[in-house]
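The data block below is model_10.cif; it holds mmCIF, C-alpha atoms and all ligand atoms.
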```cif
data_coords
#
loop_
_atom_site.label_atom_id
_atom_site.label_comp_id
_atom_site.auth_asym_id
_atom_site.auth_seq_id
_atom_site.Cartn_x
_atom_site.Cartn_y
_atom_site.Cartn_z
CA MET A 3 73.09 83.23 47.19
CA MET A 4 71.61 86.62 47.77
CA ASN A 5 73.15 87.88 44.58
CA ARG A 6 71.20 85.38 42.53
CA LEU A 7 68.08 87.13 43.63
CA MET A 8 69.32 90.49 42.52
CA SER A 9 69.28 91.70 39.01
CA GLY A 10 72.34 90.89 36.97
CA LEU A 11 73.55 94.37 37.77
CA ILE A 12 74.92 93.31 41.10
CA ARG A 13 76.01 89.78 40.33
CA ALA A 14 79.53 89.44 41.58
CA GLY A 15 81.96 88.22 39.00
CA LEU A 16 84.70 90.52 40.09
CA ARG A 17 84.89 91.23 43.77
CA LEU A 18 86.55 94.53 44.23
CA THR A 19 87.84 95.61 47.51
CA LEU A 20 89.54 98.71 48.54
CA VAL A 21 90.52 100.32 51.74
CA ALA A 22 90.75 104.06 51.52
CA ILE A 23 91.01 106.69 54.18
CA ALA A 24 89.50 109.95 53.08
CA VAL A 25 90.02 113.19 54.91
CA LEU A 26 88.01 116.34 54.62
CA PRO A 27 89.30 118.64 51.88
CA TYR A 28 89.94 121.40 54.38
CA ALA A 29 92.53 121.26 57.13
CA ALA A 30 90.91 119.10 59.74
CA PRO A 31 92.79 117.10 62.36
CA ALA A 32 93.07 113.49 61.27
CA ALA A 33 91.12 112.26 64.26
CA ASP A 34 88.29 114.55 63.24
CA ALA A 35 88.07 113.35 59.68
CA ILE A 36 85.33 111.37 58.06
CA ARG A 37 86.76 107.95 57.31
CA VAL A 38 85.72 105.87 54.36
CA ILE A 39 86.56 102.25 53.75
CA ASP A 40 85.49 101.24 50.30
CA LYS A 41 84.48 98.04 48.66
CA TRP A 42 83.77 97.42 45.06
CA ASP A 43 81.78 94.68 43.49
CA ARG A 44 81.18 94.24 39.82
CA ASP A 45 80.11 91.72 37.24
CA THR A 46 82.64 90.62 34.64
CA VAL A 47 80.07 90.17 31.91
CA THR A 48 81.38 91.83 28.79
CA GLY A 49 79.55 95.01 28.02
CA GLU A 50 78.36 95.44 31.58
CA LYS A 51 77.69 99.11 32.12
CA VAL A 52 76.89 99.24 35.79
CA GLY A 53 78.66 98.45 39.01
CA GLY A 54 78.00 98.51 42.73
CA VAL A 55 80.36 100.12 45.21
CA TYR A 56 80.45 99.06 48.83
CA MET A 57 82.13 100.89 51.66
CA GLU A 58 82.01 101.81 55.28
CA ILE A 59 81.75 105.44 56.34
CA VAL A 60 82.39 106.86 59.79
CA SER A 61 81.66 110.51 60.44
CA PRO A 62 82.78 112.17 63.68
CA ARG A 63 79.73 114.42 63.51
CA ASP A 64 76.13 113.92 62.44
CA ALA A 65 76.09 114.08 58.67
CA ARG A 66 74.38 112.77 55.59
CA LEU A 67 75.67 111.34 52.34
CA VAL A 68 73.70 113.37 49.80
CA GLY A 69 75.45 112.63 46.53
CA VAL A 70 78.01 110.52 44.69
CA ALA A 71 79.89 110.86 41.44
CA SER A 72 82.73 109.16 39.58
CA PRO A 73 84.60 110.13 36.44
CA ALA A 74 84.43 106.43 35.53
CA ALA A 75 80.65 106.53 35.26
CA GLY A 76 78.05 108.61 33.51
CA THR A 77 75.95 108.83 36.64
CA ALA A 78 76.06 107.48 40.17
CA GLU A 79 73.38 107.08 42.81
CA VAL A 80 73.07 105.96 46.40
CA HIS A 81 70.73 102.96 46.47
CA SER A 82 68.89 101.03 49.09
CA MET A 83 68.11 97.37 48.61
CA THR A 84 65.17 95.63 50.17
CA MET A 85 63.43 92.30 49.89
CA ASP A 86 60.00 92.49 48.33
CA GLY A 87 58.24 89.14 48.23
CA GLY A 88 61.45 87.24 47.54
CA THR A 89 62.77 89.74 45.03
CA MET A 90 65.56 92.20 45.71
CA ARG A 91 64.63 95.71 44.79
CA MET A 92 66.97 98.67 44.48
CA ARG A 93 65.86 102.23 44.87
CA ALA A 94 67.70 105.54 44.76
CA VAL A 95 67.74 107.37 48.08
CA GLU A 96 68.10 111.12 48.48
CA ALA A 97 70.32 110.92 51.51
CA LEU A 98 71.94 108.36 53.77
CA ASN A 99 72.20 109.32 57.44
CA LEU A 100 75.65 109.14 59.03
CA PRO A 101 75.15 109.37 62.80
CA ALA A 102 78.18 110.70 64.69
CA GLY A 103 80.74 108.03 65.46
CA THR A 104 78.66 105.21 64.02
CA PRO A 105 80.10 103.15 61.17
CA VAL A 106 77.58 103.02 58.34
CA LYS A 107 78.01 100.08 56.01
CA LEU A 108 77.21 100.04 52.36
CA ALA A 109 77.20 96.32 51.76
CA PRO A 110 75.75 93.65 49.47
CA GLY A 111 72.05 93.31 50.17
CA GLY A 112 71.80 96.81 51.62
CA PHE A 113 72.83 100.33 50.82
CA HIS A 114 75.33 100.73 48.03
CA VAL A 115 76.57 103.19 45.46
CA MET A 116 75.45 102.35 41.96
CA LEU A 117 77.53 103.39 38.98
CA PHE A 118 75.71 103.67 35.68
CA ASP A 119 77.06 103.99 32.17
CA LEU A 120 80.60 102.91 32.99
CA LYS A 121 82.93 104.47 30.48
CA THR A 122 85.39 101.58 30.33
CA PRO A 123 85.35 98.01 31.66
CA LEU A 124 86.76 97.67 35.16
CA PHE A 125 89.59 95.25 35.73
CA ALA A 126 91.23 93.88 38.85
CA GLY A 127 93.82 96.23 40.26
CA GLN A 128 92.33 99.30 38.66
CA LYS A 129 91.81 102.36 40.81
CA VAL A 130 88.53 104.18 40.44
CA PRO A 131 87.98 107.61 41.97
CA LEU A 132 84.71 108.25 43.72
CA THR A 133 83.48 111.56 45.07
CA LEU A 134 81.12 111.57 48.02
CA VAL A 135 79.08 114.67 48.84
CA ILE A 136 78.71 114.91 52.60
CA GLU A 137 76.44 117.36 54.34
CA GLU A 138 77.18 117.88 58.00
CA THR A 139 74.40 119.14 60.19
CA GLY A 140 74.43 122.93 60.18
CA LYS A 141 77.21 123.12 57.59
CA ARG A 142 77.54 123.36 53.86
CA ALA A 143 78.00 120.20 51.89
CA HIS A 144 81.56 119.27 51.02
CA LYS A 145 83.14 116.64 48.86
CA ILE A 146 85.39 113.75 49.78
CA THR A 147 87.24 111.91 47.07
CA VAL A 148 88.26 108.32 47.67
CA SER A 149 89.85 105.80 45.40
CA ALA A 150 88.50 102.29 45.07
CA ILE A 151 90.56 99.32 43.98
CA VAL A 152 89.00 96.65 41.86
CA ARG A 153 89.75 93.17 43.16
CA ALA A 154 88.95 89.84 41.60
CA GLY A 155 87.13 87.57 43.97
CA GLY A 156 84.21 85.36 44.88
CA HIS A 157 80.74 85.11 43.52
CA ASP A 158 78.55 84.98 46.56
CA GLY A 159 78.25 88.69 47.16
CA GLN A 160 79.00 88.28 50.84
CA GLN A 161 81.51 90.40 52.71
CU CU B 201 71.72 99.70 42.94
#
```

Please go through the file and, once you have read it, give me the structure as structure tokens.
Amino acid sequence: MMNRLMSGLIRAGLRLTLVAIAVLPYAAPAADAIRVIDKWDRDTVTGEKVGGVYMEIVSPRDARLVGVASPAAGTAEVHSMTMDGGTMRMRAVEALNLPAGTPVKLAPGGFHVMLFDLKTPLFAGQKVPLTLVIEETGKRAHKITVSAIVRAGGHDGQQ
């Protein structure tokens, strides 16, 4: 239902879901790692060049998601989605706060990662790498690479 209000960009033809655990690129104890559980959602319309990525991120320390990238896409952005007089509007955000120990959901109707200029069509079962740039308070930004799995699914855009 909600998806019908969004632009065709987010319409869910293919529901992609992935569970990925990402650890920091340096040697951190597993319990201390930022965890990412990913979800993908994408339209099946031929020629579609954009896709939304949904996930859940838990950081053990206060941090911010300040950038995203994927080799599968020309560009990627973190978006917010809000209702504006009955219309869903998406907007790029500079950073998404990740409070310590609090799961932050990127979900249909809310924050999400937007992939633009997809280089090839996505199909169910495909794995798509995604790099998240995380900036922890008082530390340099570092990158986490996760892999999302495309899954065929429903059309309602709900979790
Ligand atoms: Cu978007």

Please, which residues in chain A fall within 7 Å of ligand CU 201 (chain B) when counting all atoms listed in the file, and what is the closest atom pair and distance in Å to one decimal for each, ordered by chain then residue number, as a tab-separated table?
```
residue	atom	partner	partner_atom	distance
A:Gly54	CA	B:CU201	CU	6.4
A:His81	CA	B:CU201	CU	4.9
A:Ser82	CA	B:CU201	CU	6.9
A:Met92	CA	B:CU201	CU	5.1
A:Arg93	CA	B:CU201	CU	6.7
A:His114	CA	B:CU201	CU	6.3
A:Val115	CA	B:CU201	CU	6.5
A:Met116	CA	B:CU201	CU	4.7
```

Which neighbours of Thr147 in chain A fall inside 7 Å, counting only C-alpha atoms, when residues of the same chain fewer than 4 positions from it are skipped, and could you give them as a list in words? Ala24, Pro131, Leu132, Thr133 and Leu134 of chain A

Give me, as a PyMOL selection string, all polymer residues having an atom no more than 8 Å from range 69-77 of chain A, counting all atoms listed in the file and skipping those fewer than 3 positions away in the same chain. chain A and resi 80+96-97+115+117-122+130-136

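Note that CA of Gly140 in chain A and CA of Ala109 in chain A are 28.0 Å apart.
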
Centre and edge lengths, as AutoDock Vina command-line options, for the axis-aligned box enclosing every listed atom of range 56-72 of chain A with 4 Å of padding on each of the six sides, in Å to one decimal?
```
--center_x 78.2 --center_y 106.7 --center_z 51.6 --size_x 17.1 --size_y 23.4 --size_z 32.1
```

CA of Ile146 in chain A to CA of Met90 in chain A, distance in Å rounded to a single decimal: 29.6 Å

Once N, CA and C atoms are restored for range 71-99 of chain A, what would the output be as a JSON list (two decimals), in the frame of the given file?
```json
[["chain", "number", "residue", "atom", "x", "y", "z"],
["A", 71, "ALA", "N", 79.52, 110.69, 42.84],
["A", 71, "ALA", "CA", 79.89, 110.86, 41.44],
["A", 71, "ALA", "C", 81.21, 110.16, 41.19],
["A", 72, "SER", "N", 81.45, 109.76, 39.95],
["A", 72, "SER", "CA", 82.73, 109.16, 39.58],
["A", 72, "SER", "C", 83.01, 109.49, 38.13],
["A", 73, "PRO", "N", 84.25, 109.88, 37.84],
["A", 73, "PRO", "CA", 84.60, 110.13, 36.44],
["A", 73, "PRO", "C", 84.54, 108.85, 35.60],
["A", 74, "ALA", "N", 84.48, 107.70, 36.26],
["A", 74, "ALA", "CA", 84.43, 106.43, 35.53],
["A", 74, "ALA", "C", 83.02, 106.09, 35.06],
["A", 75, "ALA", "N", 82.04, 106.84, 35.57],
["A", 75, "ALA", "CA", 80.65, 106.53, 35.26],
["A", 75, "ALA", "C", 79.89, 107.75, 34.79],
["A", 76, "GLY", "N", 78.88, 107.51, 33.97],
["A", 76, "GLY", "CA", 78.05, 108.61, 33.51],
["A", 76, "GLY", "C", 77.27, 109.22, 34.67],
["A", 77, "THR", "N", 76.67, 108.36, 35.47],
["A", 77, "THR", "CA", 75.95, 108.83, 36.64],
["A", 77, "THR", "C", 76.17, 107.84, 37.78],
["A", 78, "ALA", "N", 75.93, 108.32, 38.99],
["A", 78, "ALA", "CA", 76.06, 107.48, 40.17],
["A", 78, "ALA", "C", 74.94, 107.85, 41.14],
["A", 79, "GLU", "N", 74.47, 106.86, 41.85],
["A", 79, "GLU", "CA", 73.38, 107.08, 42.81],
["A", 79, "GLU", "C", 73.63, 106.26, 44.07],
["A", 80, "VAL", "N", 73.09, 106.76, 45.18],
["A", 80, "VAL", "CA", 73.07, 105.96, 46.40],
["A", 80, "VAL", "C", 71.77, 105.15, 46.36],
["A", 81, "HIS", "N", 71.90, 103.84, 46.53],
["A", 81, "HIS", "CA", 70.73, 102.96, 46.47],
["A", 81, "HIS", "C", 70.50, 102.25, 47.78],
["A", 82, "SER", "N", 69.24, 101.97, 48.02],
["A", 82, "SER", "CA", 68.89, 101.03, 49.09],
["A", 82, "SER", "C", 68.49, 99.73, 48.41],
["A", 83, "MET", "N", 68.54, 98.65, 49.16],
["A", 83, "MET", "CA", 68.11, 97.37, 48.61],
["A", 83, "MET", "C", 67.25, 96.69, 49.65],
["A", 84, "THR", "N", 66.09, 96.27, 49.23],
["A", 84, "THR", "CA", 65.17, 95.63, 50.17],
["A", 84, "THR", "C", 64.56, 94.39, 49.53],
["A", 85, "MET", "N", 64.12, 93.48, 50.37],
["A", 85, "MET", "CA", 63.43, 92.30, 49.89],
["A", 85, "MET", "C", 61.96, 92.61, 49.74],
["A", 86, "ASP", "N", 61.41, 92.24, 48.58],
["A", 86, "ASP", "CA", 60.00, 92.49, 48.33],
["A", 86, "ASP", "C", 59.41, 91.20, 47.78],
["A", 87, "GLY", "N", 58.83, 90.40, 48.64],
["A", 87, "GLY", "CA", 58.24, 89.14, 48.23],
["A", 87, "GLY", "C", 59.24, 88.22, 47.55],
["A", 88, "GLY", "N", 60.45, 88.14, 48.08],
["A", 88, "GLY", "CA", 61.45, 87.24, 47.54],
["A", 88, "GLY", "C", 62.29, 87.85, 46.43],
["A", 89, "THR", "N", 62.01, 89.07, 46.08],
["A", 89, "THR", "CA", 62.77, 89.74, 45.03],
["A", 89, "THR", "C", 63.52, 90.93, 45.64],
["A", 90, "MET", "N", 64.80, 91.05, 45.26],
["A", 90, "MET", "CA", 65.56, 92.20, 45.71],
["A", 90, "MET", "C", 65.22, 93.41, 44.87],
["A", 91, "ARG", "N", 64.92, 94.49, 45.53],
["A", 91, "ARG", "CA", 64.63, 95.71, 44.79],
["A", 91, "ARG", "C", 65.58, 96.83, 45.21],
["A", 92, "MET", "N", 66.09, 97.54, 44.21],
["A", 92, "MET", "CA", 66.97, 98.67, 44.48],
["A", 92, "MET", "C", 66.22, 99.96, 44.22],
["A", 93, "ARG", "N", 66.54, 100.95, 45.01],
["A", 93, "ARG", "CA", 65.86, 102.23, 44.87],
["A", 93, "ARG", "C", 66.86, 103.34, 45.23],
["A", 94, "ALA", "N", 66.83, 104.41, 44.46],
["A", 94, "ALA", "CA", 67.70, 105.54, 44.76],
["A", 94, "ALA", "C", 67.20, 106.24, 46.01],
["A", 95, "VAL", "N", 68.12, 106.62, 46.88],
["A", 95, "VAL", "CA", 67.74, 107.37, 48.08],
["A", 95, "VAL", "C", 68.36, 108.76, 48.00],
["A", 96, "GLU", "N", 67.62, 109.73, 48.53],
["A", 96, "GLU", "CA", 68.10, 111.12, 48.48],
["A", 96, "GLU", "C", 69.29, 111.34, 49.40],
["A", 97, "ALA", "N", 69.25, 110.71, 50.54],
["A", 97, "ALA", "CA", 70.32, 110.92, 51.51],
["A", 97, "ALA", "C", 70.44, 109.71, 52.41],
["A", 98, "LEU", "N", 71.66, 109.46, 52.85],
["A", 98, "LEU", "CA", 71.94, 108.36, 53.77],
["A", 98, "LEU", "C", 72.47, 108.98, 55.06],
["A", 99, "ASN", "N", 71.78, 108.73, 56.16],
["A", 99, "ASN", "CA", 72.20, 109.32, 57.44],
["A", 99, "ASN", "C", 73.50, 108.71, 57.94]]
```
